[in-house]
Amino acid sequence: MSKHIFQKVANVLVYLFFLSATVYTLVGPSPDDVVITDGQTYITPSYWIEYVWTLIHLLLGGFVIYQWFEPAHEAAIHGVGWHFVISVLLSSAWLALLQRGHFIIGFIFVLLTAASVTCVFYKLTKDYPSNGWADKLFVHAPFSLWHGWIVFSAVVNLFQAFTSIKEDGPSIWIRILVILAIVFLTSTAIGYVEYKKHKGDVTGAVVIGLGLLSVFTNQHDAWIHWSALAGAVITLLYPARPYVCKLVGRDSNTENAPLLG
C-alpha cells in the first residue's frame, strides 16, 4: 500500500514539474530568432493547435487528482503505472531540447515519449476499459489525447530535424515527403477509429485531424496546403462513418466505438 502511495505522490510531483516547465516555455524568455527560423518547416502547424496541449495538461491534472479515489486505483496503479512519470520526464526533456534548437536529439526524445505513452494507451484500452464518465474523462481521455498529440508532434519534429525552409519554396521531393507524412497521419487517425473495432478511439483521431487542419491554415504551398485540408477532412469525418452507416441502415462493426477509448 505504501508503494502505491509513493507512486501516486510521484505522479503529483512530476505533474507539477511538467506544468511549471510548460508554463515557463510560454511566459519565459523566447527562443533565439535562429532557433525559431530553424524550427520552421513545410509541415509546421499554426500556433492555435497548442491549445490541444493546454487541454491535455488540464486533463492530466484531473488524472493526478482522480487517482486518489478508489474507482481509479486499479487503472492508475496497474494501467498507467510508472509510465506517467517516465512520459512526463521524457516529454519535459523533449520540450527543453526544442527550445534550444536541438531538433535531432529532440526527435529521439519524442520517439521515447511516444513509446512510453503508447504503453499506457494500449494497456488502458486492452485491460482497463472505462466504467463511467470519470474514467473516460480523467483516465482514458488525457492519454488518448496525448497519444494523438505526440504522434503528430513526432512527425513535425522529424521535419524540423532534417529539413528547412528555402527561399524559393519547397522542392518536389519535400512536397512528396510532406504529402507522405500527411497520408501517414491520416492513416494513423483512421487506425485509431478502427483499432480493435469496438475499442476504437475517436479522441486521438480528432487530435490528428485538428493538427492537419492547423498545417492547412499555416502552409501556403498549394500541394501541401490542399493535401493537409484533404487529410483533415477525411480524419475529422471518418469517426462519423459508423453513425452514418447506422442512419442509412447499413451495419458497421465500429458503430459502438467509444468517444474516449
# chains A, B, ... in the order shown; residues from 1 in each chain; ligands from 1
>>> select_by_dssp(residues="stretch 8-216 of chain A", states="helix (DSSP H, G or I)", output="PyMOL selection string")
chain A and resi 8-27+33-38+47-66+70-80+83-99+103-127+133-162+172-194+197-199+202-216
>>> residues_around(residues="A:His225", least_positions_apart="4", cutoff="12 Å", atoms="only C-alpha atoms", output="list in words")
Tyr42, Ile43, Thr44, Pro45, Arg175, Val178, Ile179, Ile182, Leu212, Leu213, Ser214, Val215, Phe216, Thr217, Asn218, Gln219, His220, Asp221, Leu229, Ala230, Gly231 and Ala232 of chain A
>>> residues_around(residues="A:Ala134", least_positions_apart="3", cutoff="10 Å", atoms="only C-alpha atoms", output="list in words")
Gly62, Phe63, Tyr66, Pro71, Ala72, Ser130, Asn131, Leu137, Phe138, Val139, His140 and Ala141 of chain A
>>> residues_around(residues="A:Ile104", least_positions_apart="6", cutoff="12 Å", atoms="only C-alpha atoms", output="number ranges by chain")
A: 38-39, 94, 97-98, 110-111, 154, 156-163
>>> atom_distance(atom1="atom CA of A:Trp133", atom2="atom CA of A:Thr188")
25.8 Å
>>> atom_distance(atom1="atom CA of A:Pro170", atom2="atom CA of A:Trp53")
28.5 Å
>>> residues_around(residues="A:Thr118", least_positions_apart="3", cutoff="10 Å", atoms="only C-alpha atoms", output="compact mmCIF listing (two decimals) with N, CA and C atoms, in the first residue's frame")
# COMPACT_ATOMS: atom_id res chain seq x y z
N HIS A 83 4.67 4.61 -16.02
CA HIS A 83 4.84 5.23 -17.34
C HIS A 83 4.44 6.70 -17.34
N SER A 87 6.92 9.23 -18.90
CA SER A 87 6.45 10.03 -20.04
C SER A 87 6.61 11.52 -19.78
N LEU A 112 10.95 8.38 -27.78
CA LEU A 112 10.92 7.71 -26.48
C LEU A 112 9.64 8.05 -25.72
N THR A 113 9.25 9.32 -25.79
CA THR A 113 8.00 9.73 -25.15
C THR A 113 6.81 9.01 -25.77
N ALA A 114 6.81 8.94 -27.11
CA ALA A 114 5.72 8.25 -27.81
C ALA A 114 5.65 6.78 -27.39
N ALA A 115 6.80 6.14 -27.24
CA ALA A 115 6.81 4.73 -26.84
C ALA A 115 6.20 4.56 -25.45
N PHE A 121 -1.46 3.88 -23.39
CA PHE A 121 -2.63 3.90 -24.28
C PHE A 121 -3.17 2.50 -24.52
N TYR A 122 -2.31 1.57 -24.89
CA TYR A 122 -2.75 0.22 -25.21
C TYR A 122 -3.10 -0.59 -23.95
N LYS A 123 -2.40 -0.33 -22.87
CA LYS A 123 -2.71 -1.03 -21.61
C LYS A 123 -4.11 -0.65 -21.12
N LEU A 124 -4.42 0.63 -21.14
CA LEU A 124 -5.74 1.08 -20.72
C LEU A 124 -6.82 0.54 -21.64
N PHE A 143 -4.79 10.40 -21.94
CA PHE A 143 -3.76 9.60 -22.61
C PHE A 143 -4.10 9.37 -24.09
N SER A 144 -5.39 9.34 -24.42
CA SER A 144 -5.76 9.28 -25.84
C SER A 144 -5.36 10.56 -26.56
N TRP A 146 -3.06 12.70 -25.54
CA TRP A 146 -1.60 12.79 -25.50
C TRP A 146 -0.99 11.91 -26.59
N HIS A 147 -1.56 10.72 -26.78
CA HIS A 147 -1.02 9.81 -27.78
C HIS A 147 -1.17 10.40 -29.18
N GLY A 148 -2.36 10.92 -29.49
CA GLY A 148 -2.56 11.55 -30.79
C GLY A 148 -1.65 12.75 -30.99
N ILE A 150 1.30 13.34 -29.52
CA ILE A 150 2.71 13.00 -29.61
C ILE A 150 3.03 12.38 -30.97
N VAL A 151 2.08 11.66 -31.56
CA VAL A 151 2.28 11.12 -32.92
C VAL A 151 2.40 12.27 -33.91
>>> closest_residue(among="A:Ile105, A:Ala93, A:Val80, A:Val12", to="A:Val64", atoms="only C-alpha atoms")
A:Val12
>>> residues_around(residues="A:Phe84", least_positions_apart="4", cutoff="9 Å", atoms="only C-alpha atoms", output="number ranges by chain")
A: 11, 14-15, 80, 88-89, 116-117, 120
>>> residues_around(residues="A:Ile77", least_positions_apart="6", cutoff="9 Å", atoms="only C-alpha atoms", output="JSON, numbers by chain")
{"A": [4, 7, 8, 67]}
>>> closest_residue(among="A:His73, A:Ile5, A:Leu145, A:Tyr238", to="A:Leu60", atoms="only C-alpha atoms")
A:Leu145
>>> closest_residue(among="A:His57, A:His78, A:Arg100, A:Lys166", to="A:Tyr128", atoms="only C-alpha atoms")
A:His78
>>> closest_atom_pairs(of="stretch 90-171 of chain A", to="stretch 46-49 of chain A", cutoff="12 Å", atoms="only C-alpha atoms", output="tab-separated table")
residue	atom	partner	partner_atom	distance
A:Trp149	CA	A:Ile49	CA	9.7
A:Phe152	CA	A:Ile49	CA	10.8
A:Ser153	CA	A:Ile49	CA	10.7
A:Val156	CA	A:Ser46	CA	11.8
>>> write_last_selection(atoms="all heavy atoms", output="tab-separated table (two decimals), in the first residue's frame")
chain	number	residue	atom	x	y	z
A	149	TRP	N	-1.49	13.53	-29.93
A	149	TRP	CA	-0.65	14.73	-30.00
A	149	TRP	C	0.81	14.37	-30.22
A	149	TRP	O	1.52	15.01	-31.00
A	149	TRP	CB	-0.80	15.54	-28.71
A	149	TRP	CG	0.12	16.70	-28.61
A	149	TRP	CD1	1.25	16.80	-27.85
A	149	TRP	CD2	0.02	17.95	-29.30
A	149	TRP	NE1	1.85	18.02	-28.01
A	149	TRP	CE2	1.11	18.75	-28.89
A	149	TRP	CE3	-0.89	18.47	-30.22
A	149	TRP	CZ2	1.32	20.04	-29.39
A	149	TRP	CZ3	-0.69	19.75	-30.71
A	149	TRP	CH2	0.41	20.52	-30.29
A	152	PHE	N	1.48	13.23	-33.82
A	152	PHE	CA	1.53	14.39	-34.71
A	152	PHE	C	2.82	15.19	-34.49
A	152	PHE	O	3.50	15.58	-35.45
A	152	PHE	CB	0.31	15.28	-34.45
A	152	PHE	CG	0.32	16.57	-35.23
A	152	PHE	CD1	0.03	16.58	-36.58
A	152	PHE	CD2	0.62	17.77	-34.60
A	152	PHE	CE1	0.05	17.77	-37.30
A	152	PHE	CE2	0.64	18.96	-35.31
A	152	PHE	CZ	0.35	18.96	-36.67
A	153	SER	N	3.19	15.41	-33.24
A	153	SER	CA	4.40	16.18	-32.91
A	153	SER	C	5.66	15.50	-33.40
A	153	SER	O	6.62	16.16	-33.82
A	153	SER	CB	4.48	16.41	-31.40
A	153	SER	OG	3.37	17.15	-30.93
A	156	VAL	N	6.13	16.29	-37.05
A	156	VAL	CA	6.61	17.67	-37.21
A	156	VAL	C	8.07	17.77	-36.82
A	156	VAL	O	8.89	18.39	-37.51
A	156	VAL	CB	5.75	18.64	-36.37
A	156	VAL	CG1	6.33	20.06	-36.42
A	156	VAL	CG2	4.31	18.66	-36.88
>>> closest_residue(among="A:Ile224, A:Leu95, A:Val193, A:Val233", to="A:Trp173", atoms="only C-alpha atoms")
A:Ile224
>>> closest_residue(among="A:Ile165, A:Val34, A:Cys119, A:Leu55", to="A:Val207", atoms="only C-alpha atoms")
A:Leu55
